[in-house]
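Visitor: Structure file final_0.tsv, TSV, C-alpha atoms and all ligand atoms, is pasted below:
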```
chain	number	residue	atom	x	y	z
A	1	MET	CA	41.97	9.67	35.57
A	2	TYR	CA	41.64	7.67	38.71
A	3	THR	CA	43.80	8.15	41.75
A	4	GLY	CA	43.60	6.52	45.13
A	5	SER	CA	41.97	9.51	46.78
A	6	HIS	CA	39.46	9.73	43.95
A	7	LEU	CA	38.55	6.16	44.56
A	8	LYS	CA	37.81	6.65	48.22
A	9	LEU	CA	35.67	9.63	47.44
A	10	ILE	CA	33.74	7.75	44.80
A	11	LEU	CA	33.15	4.77	47.02
A	12	THR	CA	31.91	6.96	49.86
A	13	ILE	CA	29.51	8.78	47.60
A	14	LEU	CA	28.32	5.62	45.92
A	15	ILE	CA	27.67	3.40	48.85
A	16	VAL	CA	24.82	5.49	50.22
A	17	PRO	CA	22.66	5.59	47.08
A	18	ALA	CA	23.49	1.96	46.29
A	19	ILE	CA	22.16	0.84	49.66
A	20	PHE	CA	19.14	3.04	49.18
A	21	ILE	CA	18.34	1.47	45.88
A	22	LEU	CA	18.70	-2.02	47.27
A	23	LEU	CA	16.21	-1.09	49.97
A	24	ILE	CA	13.74	0.14	47.42
A	25	ALA	CA	14.24	-2.96	45.36
A	26	THR	CA	13.39	-5.25	48.23
A	27	ASP	CA	10.52	-3.01	49.17
A	28	ALA	CA	8.83	-3.41	45.82
A	29	GLU	CA	9.64	-6.89	44.67
A	30	THR	CA	6.79	-7.08	42.24
A	31	ARG	CA	8.15	-4.19	40.21
A	32	ASP	CA	10.10	-4.94	37.11
A	33	PHE	CA	13.20	-2.85	37.36
A	34	GLU	CA	14.54	-4.20	34.10
A	35	ASN	CA	18.18	-4.12	34.91
A	36	GLU	CA	18.26	-0.50	35.91
A	37	LEU	CA	19.80	-1.49	39.21
A	38	GLU	CA	22.97	-2.87	37.76
A	39	LEU	CA	25.12	0.09	38.65
A	40	THR	CA	26.49	-0.93	42.00
A	41	VAL	CA	29.83	-0.10	43.52
A	42	GLU	CA	31.71	-3.26	42.71
A	43	GLU	CA	30.85	-2.96	39.07
A	44	ILE	CA	32.47	0.38	38.48
A	45	SER	CA	35.55	-0.25	36.42
A	46	LEU	CA	38.80	0.98	37.82
A	47	GLU	CA	40.85	-0.19	34.92
A	48	SER	CA	43.38	2.08	33.30
A	49	ALA	CA	42.76	3.64	29.91
A	50	ASP	CA	45.04	1.32	27.92
A	51	TYR	CA	42.71	-1.50	28.88
A	52	ASP	CA	40.46	-1.00	25.91
A	53	LEU	CA	43.18	-1.61	23.37
A	54	SER	CA	41.79	-5.12	23.53
A	55	ILE	CA	38.34	-4.12	22.27
A	56	PRO	CA	37.88	-5.96	18.98
A	57	GLU	CA	36.19	-4.42	15.97
A	58	GLU	CA	32.54	-5.09	16.46
A	59	THR	CA	29.49	-3.75	14.75
A	60	LYS	CA	26.28	-3.30	16.65
A	61	ILE	CA	23.25	-3.47	14.40
A	62	ILE	CA	19.92	-2.15	15.58
A	63	VAL	CA	17.38	-4.05	13.54
A	64	LYS	CA	15.25	-1.89	11.28
A	65	SER	CA	12.07	-2.91	9.60
A	66	GLY	CA	12.91	-5.12	6.63
A	67	ASP	CA	16.23	-6.36	8.09
A	68	THR	CA	16.39	-10.13	8.30
A	69	PHE	CA	18.85	-12.77	9.36
A	70	TYR	CA	19.33	-13.45	5.66
A	71	SER	CA	19.86	-9.86	4.50
A	72	THR	CA	22.29	-9.20	7.34
A	73	LEU	CA	24.51	-12.22	6.79
A	74	ILE	CA	24.52	-11.84	2.99
A	75	ASN	CA	26.15	-8.43	3.60
A	76	TYR	CA	28.98	-10.20	5.37
A	77	GLY	CA	29.63	-12.53	2.46
A	78	VAL	CA	27.96	-15.65	3.90
A	79	SER	CA	26.59	-17.87	1.13
A	80	SER	CA	22.84	-18.07	0.63
A	81	VAL	CA	23.04	-21.87	0.67
A	82	LEU	CA	24.52	-21.82	4.17
A	83	ILE	CA	22.07	-19.20	5.42
A	84	ASN	CA	19.15	-21.30	4.19
A	85	LYS	CA	20.62	-24.35	5.87
A	86	MET	CA	20.90	-22.49	9.18
A	87	ALA	CA	17.34	-21.24	8.80
A	88	LEU	CA	16.19	-24.87	8.90
A	89	ASP	CA	18.11	-25.63	12.10
A	90	LYS	CA	15.60	-25.88	14.96
A	91	ARG	CA	18.14	-24.71	17.55
A	92	LEU	CA	18.38	-21.41	15.69
A	93	ARG	CA	14.65	-20.79	15.49
A	94	GLU	CA	14.61	-17.92	18.01
A	95	PHE	CA	18.03	-16.65	17.04
A	96	ILE	CA	17.14	-15.94	13.42
A	97	ARG	CA	13.95	-14.09	14.25
A	98	PHE	CA	14.73	-10.37	13.90
A	99	ARG	CA	12.39	-7.80	15.37
A	100	VAL	CA	12.61	-4.02	14.98
A	101	ASN	CA	15.03	-2.53	17.56
A	102	ASP	CA	16.67	-5.88	18.38
A	103	ARG	CA	20.42	-5.59	18.82
A	104	ILE	CA	22.77	-7.84	16.90
A	105	TYR	CA	26.52	-7.81	17.37
A	106	ILE	CA	28.77	-8.83	14.51
A	107	ARG	CA	32.47	-9.45	14.67
A	108	VAL	CA	34.64	-10.36	11.68
A	109	GLU	CA	38.07	-11.88	12.13
A	110	GLY	CA	39.70	-13.12	8.96
A	111	LYS	CA	37.25	-15.52	7.34
A	112	GLN	CA	35.25	-15.94	10.52
A	113	VAL	CA	31.95	-14.13	11.06
A	114	GLU	CA	30.50	-14.20	14.53
A	115	MET	CA	26.96	-13.07	15.28
A	116	ARG	CA	25.89	-12.54	18.89
A	117	ARG	CA	22.58	-11.76	20.51
A	118	PHE	CA	21.62	-11.22	24.11
A	119	SER	CA	18.40	-12.16	25.81
A	120	ASN	CA	16.27	-9.27	27.03
A	121	ASP	CA	17.88	-9.27	30.45
A	122	ASP	CA	21.34	-9.35	28.81
A	123	TYR	CA	22.45	-12.39	30.76
A	124	PHE	CA	22.02	-15.11	28.18
A	125	LEU	CA	24.26	-14.91	25.20
A	126	ASP	CA	23.71	-16.74	21.91
A	127	VAL	CA	26.71	-17.00	19.62
A	128	LEU	CA	26.66	-18.13	16.01
A	129	THR	CA	30.11	-18.65	14.48
A	130	ILE	CA	30.46	-19.10	10.73
A	131	GLU	CA	33.68	-20.13	9.02
A	132	ASN	CA	34.48	-21.97	5.77
A	133	ASP	CA	30.82	-22.70	5.01
A	134	GLU	CA	30.25	-24.31	8.40
A	135	TYR	CA	28.61	-22.97	11.52
A	136	LYS	CA	28.56	-23.48	15.25
A	137	PHE	CA	25.89	-22.32	17.64
A	138	SER	CA	26.10	-21.95	21.39
A	139	ARG	CA	24.00	-20.51	24.14
A	140	LYS	CA	25.86	-19.29	27.19
A	141	ARG	CA	24.14	-18.69	30.46
A	142	ASP	CA	24.77	-16.65	33.56
A	143	ASP	CA	28.50	-16.30	33.19
A	144	LEU	CA	28.43	-12.70	32.07
A	145	GLU	CA	29.40	-9.64	33.98
A	146	LYS	CA	28.72	-6.02	33.16
A	147	VAL	CA	31.45	-3.54	33.85
A	148	VAL	CA	30.81	0.17	33.75
A	149	GLN	CA	33.31	2.21	31.78
A	150	TYR	CA	33.87	5.93	31.64
A	151	ARG	CA	35.17	8.06	28.78
A	152	GLU	CA	35.40	11.79	28.27
A	153	PHE	CA	36.66	13.98	25.49
A	154	ILE	CA	36.75	17.52	24.21
A	155	ILE	CA	35.72	18.01	20.60
A	156	THR	CA	38.63	19.30	18.56
A	157	ASP	CA	37.57	18.23	15.08
A	158	SER	CA	34.53	16.05	14.42
A	159	LEU	CA	32.59	14.36	17.18
A	160	TYR	CA	33.49	10.99	15.74
A	161	ALA	CA	37.23	11.64	15.34
A	162	SER	CA	37.51	13.20	18.79
A	163	GLY	CA	35.72	10.24	20.34
A	164	LYS	CA	37.93	7.73	18.55
A	165	LYS	CA	41.05	9.48	19.86
A	166	SER	CA	39.74	8.96	23.39
A	167	ASN	CA	39.17	5.24	22.81
A	168	VAL	CA	35.41	5.39	22.69
A	169	PRO	CA	34.22	2.22	20.91
A	170	ASP	CA	32.38	2.70	17.62
A	171	SER	CA	29.12	1.31	18.85
A	172	VAL	CA	29.13	3.72	21.80
A	173	LEU	CA	29.80	6.66	19.47
A	174	GLY	CA	26.94	5.45	17.29
A	175	ASP	CA	24.63	5.43	20.30
A	176	LEU	CA	25.86	8.85	21.36
A	177	ILE	CA	25.10	10.32	17.95
A	178	TYR	CA	21.64	8.76	18.03
A	179	ILE	CA	20.86	9.99	21.57
A	180	PHE	CA	21.88	13.60	21.07
A	181	GLY	CA	20.87	13.69	17.39
A	182	TRP	CA	17.30	14.49	18.38
A	183	ASP	CA	18.45	17.79	19.91
A	184	ILE	CA	21.77	18.67	18.35
A	185	ASP	CA	22.33	19.23	14.65
A	186	TYR	CA	25.85	17.88	14.24
A	187	ALA	CA	26.51	19.83	11.06
A	188	TYR	CA	25.59	23.22	12.51
A	189	ASP	CA	25.62	23.11	16.29
A	190	ILE	CA	28.90	21.41	17.22
A	191	ARG	CA	31.73	23.70	18.28
A	192	ASN	CA	35.37	23.05	19.05
A	193	GLY	CA	35.64	22.85	22.81
A	194	ASP	CA	32.30	21.06	23.27
A	195	LYS	CA	32.67	18.35	25.89
A	196	VAL	CA	31.35	14.80	26.09
A	197	ARG	CA	31.26	12.49	29.12
A	198	ILE	CA	29.97	8.94	28.85
A	199	LEU	CA	29.28	6.05	31.21
A	200	TYR	CA	28.68	2.83	29.30
A	201	GLU	CA	28.86	-0.86	30.04
A	202	ASP	CA	31.13	-3.56	28.75
A	203	ILE	CA	29.94	-7.13	29.00
A	204	TYR	CA	32.58	-9.65	30.04
A	205	SER	CA	32.63	-13.39	30.31
A	206	ASP	CA	33.02	-14.37	33.93
A	207	SER	CA	34.75	-17.62	33.08
A	208	ASN	CA	37.62	-16.34	30.92
A	209	GLY	CA	37.49	-12.59	31.57
A	210	LYS	CA	37.17	-11.78	27.89
A	211	LEU	CA	35.22	-8.83	26.59
A	212	ILE	CA	32.07	-10.18	24.97
A	213	ALA	CA	30.46	-6.97	23.78
A	214	THR	CA	30.13	-3.29	24.36
A	215	GLY	CA	26.70	-2.59	25.72
A	216	ASP	CA	24.58	0.52	26.06
A	217	ILE	CA	25.37	3.99	27.26
A	218	LEU	CA	24.06	4.33	30.83
A	219	ALA	CA	24.51	8.07	31.14
A	220	ALA	CA	26.02	10.81	29.02
A	221	GLU	CA	26.62	14.52	29.19
A	222	PHE	CA	27.09	16.77	26.21
A	223	ILE	CA	28.23	20.32	26.79
A	224	ASN	CA	27.32	22.10	23.60
A	225	ARG	CA	28.36	25.78	23.43
A	226	GLY	CA	28.47	25.89	27.21
A	227	GLU	CA	25.04	24.38	27.68
A	228	LYS	CA	24.82	20.95	29.27
A	229	ILE	CA	22.43	18.23	28.14
A	230	ALA	CA	22.58	15.26	30.50
A	231	VAL	CA	20.76	11.99	29.83
A	232	ILE	CA	20.41	8.56	31.40
A	233	ARG	CA	19.11	5.28	30.10
A	234	PHE	CA	15.92	3.97	31.64
A	235	SER	CA	13.46	1.22	30.74
A	236	GLN	CA	9.81	2.00	30.94
A	237	ARG	CA	7.05	-0.34	29.78
A	238	GLY	CA	9.65	-2.66	28.32
A	239	ARG	CA	11.26	-0.02	26.17
A	240	LYS	CA	14.77	1.31	26.70
A	241	ASP	CA	14.94	5.02	26.05
A	242	TYR	CA	17.14	7.94	27.02
A	243	TYR	CA	15.77	10.69	29.21
A	244	THR	CA	17.18	14.05	30.19
A	245	THR	CA	17.77	14.32	33.92
A	246	ASP	CA	14.48	16.23	34.35
A	247	SER	CA	12.72	13.07	32.98
A	248	THR	CA	11.98	14.21	29.42
A	249	ASN	CA	12.35	11.53	26.76
A	250	VAL	CA	14.99	12.65	24.24
A	251	ARG	CA	13.21	10.73	21.52
A	252	LYS	CA	10.51	12.69	19.73
A	253	ALA	CA	7.11	11.07	19.38
A	254	PHE	CA	7.39	11.58	15.60
A	255	LEU	CA	10.17	11.28	13.06
A	256	ARG	CA	10.71	14.30	10.81
A	257	THR	CA	9.95	12.36	7.64
A	258	PRO	CA	8.34	9.04	6.72
A	259	ILE	CA	10.99	8.34	4.04
A	260	GLU	CA	14.74	8.46	4.44
A	261	PHE	CA	16.61	10.83	2.12
A	262	ALA	CA	13.60	11.88	0.05
A	263	ARG	CA	13.09	15.24	-1.63
A	264	ILE	CA	9.99	17.27	-0.88
A	265	SER	CA	8.25	17.80	-4.21
A	266	SER	CA	5.21	19.71	-2.97
A	267	HIS	CA	4.62	21.52	0.30
A	268	TYR	CA	1.50	21.92	2.38
A	269	ASN	CA	-0.44	24.68	0.66
A	270	PRO	CA	-4.05	25.68	1.35
A	271	ASN	CA	-4.42	27.38	-2.10
A	272	ARG	CA	-2.82	24.99	-4.52
A	273	LYS	CA	-4.15	24.24	-7.98
A	274	HIS	CA	-4.61	20.48	-8.16
A	275	PRO	CA	-2.37	18.98	-10.88
A	276	ILE	CA	-4.96	16.50	-12.12
A	277	LEU	CA	-8.33	18.01	-11.21
A	278	ASN	CA	-7.10	21.47	-12.35
A	279	THR	CA	-9.15	23.22	-9.69
A	280	ILE	CA	-8.05	25.19	-6.67
A	281	ARG	CA	-7.83	22.55	-4.02
A	282	ALA	CA	-5.85	22.80	-0.86
A	283	HIS	CA	-2.83	20.55	-0.65
A	284	LYS	CA	-3.20	19.31	2.87
A	285	GLY	CA	0.02	17.39	3.16
A	286	THR	CA	3.61	17.14	2.05
A	287	ASP	CA	4.68	15.20	-1.05
A	288	TYR	CA	7.94	13.31	-1.13
A	289	ALA	CA	9.26	12.31	-4.54
A	290	ALA	CA	10.75	8.83	-4.43
A	291	LYS	CA	11.14	5.78	-6.60
A	292	THR	CA	8.31	3.27	-6.77
A	293	GLY	CA	8.87	0.66	-4.10
A	294	THR	CA	10.79	2.90	-1.66
A	295	GLU	CA	10.00	1.95	1.95
A	296	VAL	CA	7.61	4.19	3.86
A	297	VAL	CA	7.86	4.10	7.66
A	298	THR	CA	5.42	5.18	10.33
A	299	THR	CA	6.67	8.36	11.95
A	300	GLY	CA	5.31	7.42	15.38
A	301	ASP	CA	4.03	4.54	17.52
A	302	GLY	CA	0.34	3.94	16.95
A	303	ILE	CA	-2.55	1.80	15.73
A	304	VAL	CA	-3.54	1.45	12.08
A	305	LYS	CA	-6.99	2.97	11.67
A	306	GLU	CA	-7.33	2.33	7.94
A	307	ALA	CA	-5.26	0.50	5.35
A	308	LYS	CA	-7.34	0.46	2.17
A	309	PHE	CA	-7.96	1.90	-1.29
A	310	SER	CA	-9.76	5.13	-2.12
A	311	ARG	CA	-10.23	6.78	-5.53
A	312	SER	CA	-8.21	9.88	-4.72
A	313	TYR	CA	-5.66	8.60	-2.18
A	314	GLY	CA	-5.15	5.22	-3.82
A	315	ASN	CA	-3.78	2.71	-1.31
A	316	TYR	CA	-3.48	4.69	1.88
A	317	ILE	CA	-2.84	4.13	5.57
A	318	ASP	CA	-4.15	6.18	8.48
A	319	ILE	CA	-2.43	5.73	11.83
A	320	VAL	CA	-3.74	7.06	15.14
A	321	HIS	CA	-1.18	8.07	17.76
A	322	TYR	CA	-1.96	8.76	21.43
A	323	ASN	CA	-5.64	9.49	20.55
A	324	LYS	CA	-4.74	13.01	19.48
A	325	TYR	CA	-2.66	12.66	16.34
A	326	LEU	CA	-3.29	11.01	13.00
A	327	THR	CA	-0.79	10.50	10.18
A	328	ARG	CA	-1.77	9.55	6.62
A	329	TYR	CA	0.39	7.91	3.96
A	330	ALA	CA	-1.12	7.90	0.46
A	331	HIS	CA	-0.64	6.69	-3.15
A	332	LEU	CA	1.16	3.56	-1.92
A	333	LYS	CA	2.01	0.79	-4.32
A	334	ASP	CA	1.47	-1.75	-1.57
A	335	PHE	CA	1.07	-2.25	2.16
A	336	ALA	CA	3.87	-3.92	4.11
A	337	ARG	CA	3.18	-7.43	5.38
A	338	GLY	CA	0.96	-7.47	8.45
A	339	ILE	CA	-0.33	-3.92	8.02
A	340	LYS	CA	-4.10	-3.86	8.31
A	341	LYS	CA	-6.80	-2.14	10.31
A	342	GLY	CA	-6.03	-2.60	14.01
A	343	SER	CA	-2.31	-3.44	13.63
A	344	LYS	CA	0.01	-1.98	16.21
A	345	VAL	CA	3.01	-0.20	14.71
A	346	ILE	CA	6.14	1.24	16.21
A	347	GLN	CA	8.12	4.29	15.18
A	348	GLY	CA	10.33	3.61	12.17
A	349	GLN	CA	8.53	0.41	11.15
A	350	THR	CA	7.99	-0.07	7.40
A	351	ILE	CA	4.27	0.13	6.67
A	352	GLY	CA	4.16	0.35	2.86
A	353	TYR	CA	5.92	1.22	-0.38
A	354	VAL	CA	5.86	4.33	-2.56
A	355	GLY	CA	3.61	4.11	-5.60
A	356	SER	CA	1.28	6.23	-7.71
A	357	THR	CA	-2.12	4.73	-6.98
A	358	GLY	CA	-5.18	7.04	-6.88
A	359	LEU	CA	-4.97	10.61	-8.22
A	360	ALA	CA	-1.21	10.90	-8.59
A	361	THR	CA	0.84	12.22	-11.51
A	362	GLY	CA	3.85	10.04	-10.66
A	363	PRO	CA	5.34	7.98	-7.87
A	364	HIS	CA	5.43	9.92	-4.61
A	365	LEU	CA	4.31	9.71	-1.02
A	366	HIS	CA	1.60	12.09	0.14
A	367	TYR	CA	1.95	12.52	3.90
A	368	GLU	CA	-0.52	14.26	6.20
A	369	PHE	CA	-0.36	15.17	9.85
A	370	HIS	CA	-3.56	15.86	11.81
A	371	ILE	CA	-3.77	17.18	15.35
A	372	ASN	CA	-7.16	16.77	17.03
A	373	GLY	CA	-8.76	16.22	13.64
A	374	LYS	CA	-7.24	19.31	12.01
A	375	HIS	CA	-4.79	19.24	9.10
A	376	THR	CA	-1.37	20.60	10.01
A	377	ASP	CA	1.74	21.26	7.95
A	378	PRO	CA	3.90	18.16	8.64
A	379	VAL	CA	7.10	20.10	8.01
A	380	LYS	CA	6.29	22.90	10.43
A	381	VAL	CA	4.78	20.89	13.26
A	382	GLU	CA	7.04	20.76	16.31
A	383	PRO	CA	6.85	17.11	17.32
A	384	PRO	CA	6.20	16.43	21.00
A	385	ASN	CA	8.67	14.31	22.92
A	386	ALA	CA	7.88	10.63	23.36
A	387	GLN	CA	6.49	9.61	26.73
A	388	SER	CA	8.38	11.04	29.70
A	389	ILE	CA	9.00	9.20	32.97
A	390	ASN	CA	5.66	8.37	34.56
A	391	ALA	CA	4.82	8.98	38.21
A	392	TYR	CA	5.22	5.31	39.03
A	393	ASN	CA	8.87	5.23	37.92
A	394	ARG	CA	9.82	8.72	38.99
A	395	LYS	CA	11.39	7.88	42.33
A	396	LEU	CA	13.65	5.19	40.94
A	397	PHE	CA	14.52	7.39	37.98
A	398	ASP	CA	15.56	10.29	40.21
A	399	MET	CA	17.77	7.96	42.24
A	400	LEU	CA	19.54	6.72	39.15
A	401	VAL	CA	20.00	10.27	37.89
A	402	LYS	CA	21.59	11.25	41.19
A	403	GLU	CA	23.80	8.20	41.28
A	404	ARG	CA	25.06	8.41	37.72
A	405	THR	CA	25.48	12.19	37.77
A	406	GLU	CA	27.61	11.92	40.88
A	407	ILE	CA	29.77	9.21	39.40
A	408	ILE	CA	30.47	11.38	36.36
A	409	ALA	CA	31.07	14.48	38.47
A	410	ASN	CA	33.63	12.60	40.55
A	411	ILE	CA	35.50	11.01	37.70
A	412	THR	CA	35.59	13.85	35.21
A	413	SER	CA	38.69	15.84	34.59
A	414	ILE	CA	37.40	18.03	31.76
B	1	ZN	ZN	0.11	15.38	-1.95
```
As structure tokens, what does this structure read like?
Ligand SMILES: [Zn+2]
Guide:
Amino acid sequence: MYTGSHLKLILTILIVPAIFILLIATDAETRDFENELELTVEEISLESADYDLSIPEETKIIVKSGDTFYSTLINYGVSSVLINKMALDKRLREFIRFRVNDRIYIRVEGKQVEMRRFSNDDYFLDVLTIENDEYKFSRKRDDLEKVVQYREFIITDSLYASGKKSNVPDSVLGDLIYIFGWDIDYAYDIRNGDKVRILYEDIYSDSNGKLIATGDILAAEFINRGEKIAVIRFSQRGRKDYYTTDSTNVRKAFLRTPIEFARISSHYNPNRKHPILNTIRAHKGTDYAAKTGTEVVTTGDGIVKEAKFSRSYGNYIDIVHYNKYLTRYAHLKDFARGIKKGSKVIQGQTIGYVGSTGLATGPHLHYEFHINGKHTDPVKVEPPNAQSINAYNRKLFDMLVKERTEIIANITSI
């Protein structure tokens, strides 16, 4: 909770780093700081906790491969006729183009569905309002203001329920679960008494003071069984990621599995009898049983090295990652649109569909993981973390860590 003396303390502590950062910013004008400098003194919210009773129900959707404007709106009961009509509207041409990792905000009030998107710098807002089979579209410019909010809570039941009790918006809880999900297994690791502290931003309209959307988490601390994991948001090479305060990316360079919710039907085994050839032939990958047509995603960022047919692998894709790693996806029914030799792919992107082409007894995905040209058990490999903060960004990163850590330390009461 804020008090007057707290406020003075915070302002004193903040002013110094804020000035520092401004100096750096002017010193290196050519650098693209990508909004990481937004946390200045006057933007820290000093509102009381009952303030966020006004936060409307809003869903933040992070676009996954295969999500489209059409598939998203259909889920909200908008008619296909109207969606197709909007798709032909030239003003909406950019708005309806969904790319992986884009953020879409959806708000439903009665019969009205409102879809919002921000430009990359977060300062242009496009709003599409749909009601009674009609739609309105508007683009608002430079009348938005970001306000930093702080929440903290102690886990007493589930992470989600405890967060809700402390008025943490759903989309922020969703982000929190994503950020710490790489390191914490929520089913096994969470204990009563674990603590969470979050700095996030709300985006307000400057003209009418209304809350437009809840933005990203800027910094968060999770004290799990007495051990603190602290992260901050930082953009590097155009990609927003979360990094621990020692500059390690929390995201792993590889996902655990290339299919969501699939069962492993055959493990990596150097002495397996081949089910079709009936000879002892090493099984150099992991098989996932799944229905024909199930989406297969690339487990890491990379470049497609091969996307073709072979007698044994059927339709298969090889992807090279960071020169050192190669992943292989075999027996595919089909390749996803745009996947061919030389295509650039990003983690989680759909690259193909489960099938039984080549030497396969039934529909499944055969997945291989190679390190420096050697086969490795995909289940046992400990994936490296995605790229950490590079030397070029390190100074700015350390400043932001210091600034945000101090803000949390001064506000926290748990
Ligand atoms: Zn296999």
Visitor: Expressed in Å to a single decimal, how great is the separation between atom CA of A:Gly362 and atom CA of A:Thr294?
Guide: 13.4 Å
Visitor: Write out as JSON lines a residue-level contact list of chain A versus ligand ZN 1 (chain B) with cut-off 9 Å: for each qualifying residue the closest pair of atoms and the distance in Å to one decimal, counting only C-alpha atoms and all ligand atoms, rows sorted by chain and residue number upward.
Guide:
```
{"residue": "A:Ser265", "atom": "CA", "partner": "B:ZN1", "partner_atom": "ZN", "distance": 8.8}
{"residue": "A:Ser266", "atom": "CA", "partner": "B:ZN1", "partner_atom": "ZN", "distance": 6.8}
{"residue": "A:His267", "atom": "CA", "partner": "B:ZN1", "partner_atom": "ZN", "distance": 7.9}
{"residue": "A:Tyr268", "atom": "CA", "partner": "B:ZN1", "partner_atom": "ZN", "distance": 8.0}
{"residue": "A:His283", "atom": "CA", "partner": "B:ZN1", "partner_atom": "ZN", "distance": 6.1}
{"residue": "A:Lys284", "atom": "CA", "partner": "B:ZN1", "partner_atom": "ZN", "distance": 7.0}
{"residue": "A:Gly285", "atom": "CA", "partner": "B:ZN1", "partner_atom": "ZN", "distance": 5.5}
{"residue": "A:Thr286", "atom": "CA", "partner": "B:ZN1", "partner_atom": "ZN", "distance": 5.6}
{"residue": "A:Asp287", "atom": "CA", "partner": "B:ZN1", "partner_atom": "ZN", "distance": 4.7}
{"residue": "A:Tyr288", "atom": "CA", "partner": "B:ZN1", "partner_atom": "ZN", "distance": 8.1}
{"residue": "A:Tyr313", "atom": "CA", "partner": "B:ZN1", "partner_atom": "ZN", "distance": 8.9}
{"residue": "A:Ala330", "atom": "CA", "partner": "B:ZN1", "partner_atom": "ZN", "distance": 8.0}
{"residue": "A:His331", "atom": "CA", "partner": "B:ZN1", "partner_atom": "ZN", "distance": 8.8}
{"residue": "A:Ala360", "atom": "CA", "partner": "B:ZN1", "partner_atom": "ZN", "distance": 8.1}
{"residue": "A:His364", "atom": "CA", "partner": "B:ZN1", "partner_atom": "ZN", "distance": 8.1}
{"residue": "A:Leu365", "atom": "CA", "partner": "B:ZN1", "partner_atom": "ZN", "distance": 7.1}
{"residue": "A:His366", "atom": "CA", "partner": "B:ZN1", "partner_atom": "ZN", "distance": 4.2}
{"residue": "A:Tyr367", "atom": "CA", "partner": "B:ZN1", "partner_atom": "ZN", "distance": 6.8}
{"residue": "A:Glu368", "atom": "CA", "partner": "B:ZN1", "partner_atom": "ZN", "distance": 8.3}
```
Visitor: So what do you get for atom CA of A:Arg281 versus atom CA of A:Ile351, distance-wise?
Guide: 27.6 Å
Visitor: Show which residues sit within 10 Å of stretch 241-254 of chain A, as a count of residues only. Count only C-alpha atoms, and ignore same-chain residues fewer than 2 positions away.
Guide: 50
Visitor: What does the structure give for the distance between atom CA of A:Asn323 and atom CA of A:Gly373, in Å to one decimal?
Guide: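 Those two atoms sit 10.1 Å apart.
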Visitor: Show which residues sit within 8 Å of A:Asp318, as an MDAnalysis selection string. Count only C-alpha atoms, and ignore same-chain residues fewer than 6 positions away.
Guide: chainID A and resid 304:307 326:329
Visitor: Please report, as JSON, the centre and edge lengths in Å to one decimal of an axis-aligned box covering all listed atoms of stretch 243-259 of chain A with 6 Å per side.
Guide:
```
{"center_x": 12.4, "center_y": 12.3, "center_z": 19.2, "size_x": 22.7, "size_y": 19.9, "size_z": 42.3}
```
Visitor: Write out as JSON, numbers by chain the residues lying within 12 Å of A:Lys291, counting all atoms listed in the file and excluding same-chain residues fewer than 3 positions away.
Guide: {"A": [259, 260, 261, 262, 263, 288, 294, 295, 296, 332, 333, 353, 354, 355, 356, 362, 363, 364, 365]}
Visitor: Produce a file of the selected residues containing C-alpha atoms, as a tab-separated table (two decimals), in the coordinates of the input.
Guide:
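Full text of out29.tsv as output:
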```tsv
chain	number	residue	atom	x	y	z
A	259	ILE	CA	10.99	8.34	4.04
A	260	GLU	CA	14.74	8.46	4.44
A	261	PHE	CA	16.61	10.83	2.12
A	262	ALA	CA	13.60	11.88	0.05
A	263	ARG	CA	13.09	15.24	-1.63
A	288	TYR	CA	7.94	13.31	-1.13
A	294	THR	CA	10.79	2.90	-1.66
A	295	GLU	CA	10.00	1.95	1.95
A	296	VAL	CA	7.61	4.19	3.86
A	332	LEU	CA	1.16	3.56	-1.92
A	333	LYS	CA	2.01	0.79	-4.32
A	353	TYR	CA	5.92	1.22	-0.38
A	354	VAL	CA	5.86	4.33	-2.56
A	355	GLY	CA	3.61	4.11	-5.60
A	356	SER	CA	1.28	6.23	-7.71
A	362	GLY	CA	3.85	10.04	-10.66
A	363	PRO	CA	5.34	7.98	-7.87
A	364	HIS	CA	5.43	9.92	-4.61
A	365	LEU	CA	4.31	9.71	-1.02
```
Visitor: Between A:Ile198, A:Ile414, A:Val172, A:Ser80, which residue has the minimum interatomic distance to A:Ile154, considering all atoms listed in the file?
Guide: A:Ile414
Visitor: Find the spatial neighbours of A:Glu145, counting all atoms listed in the file, within a cut-off of 7 Å - ignore same-chain residues fewer than 5 positions away - and output them as a list of chain:residue names.
Guide: A:Ile203, A:Tyr204, A:Ser205, A:Asp206
Visitor: When you count only C-alpha atoms, which of these residues is closest to A:Gly226: A:Asp67, A:Asp133, A:Asp194, A:Asp377?
Guide: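 The answer is A:Asp194, which sits nearest to A:Gly226.
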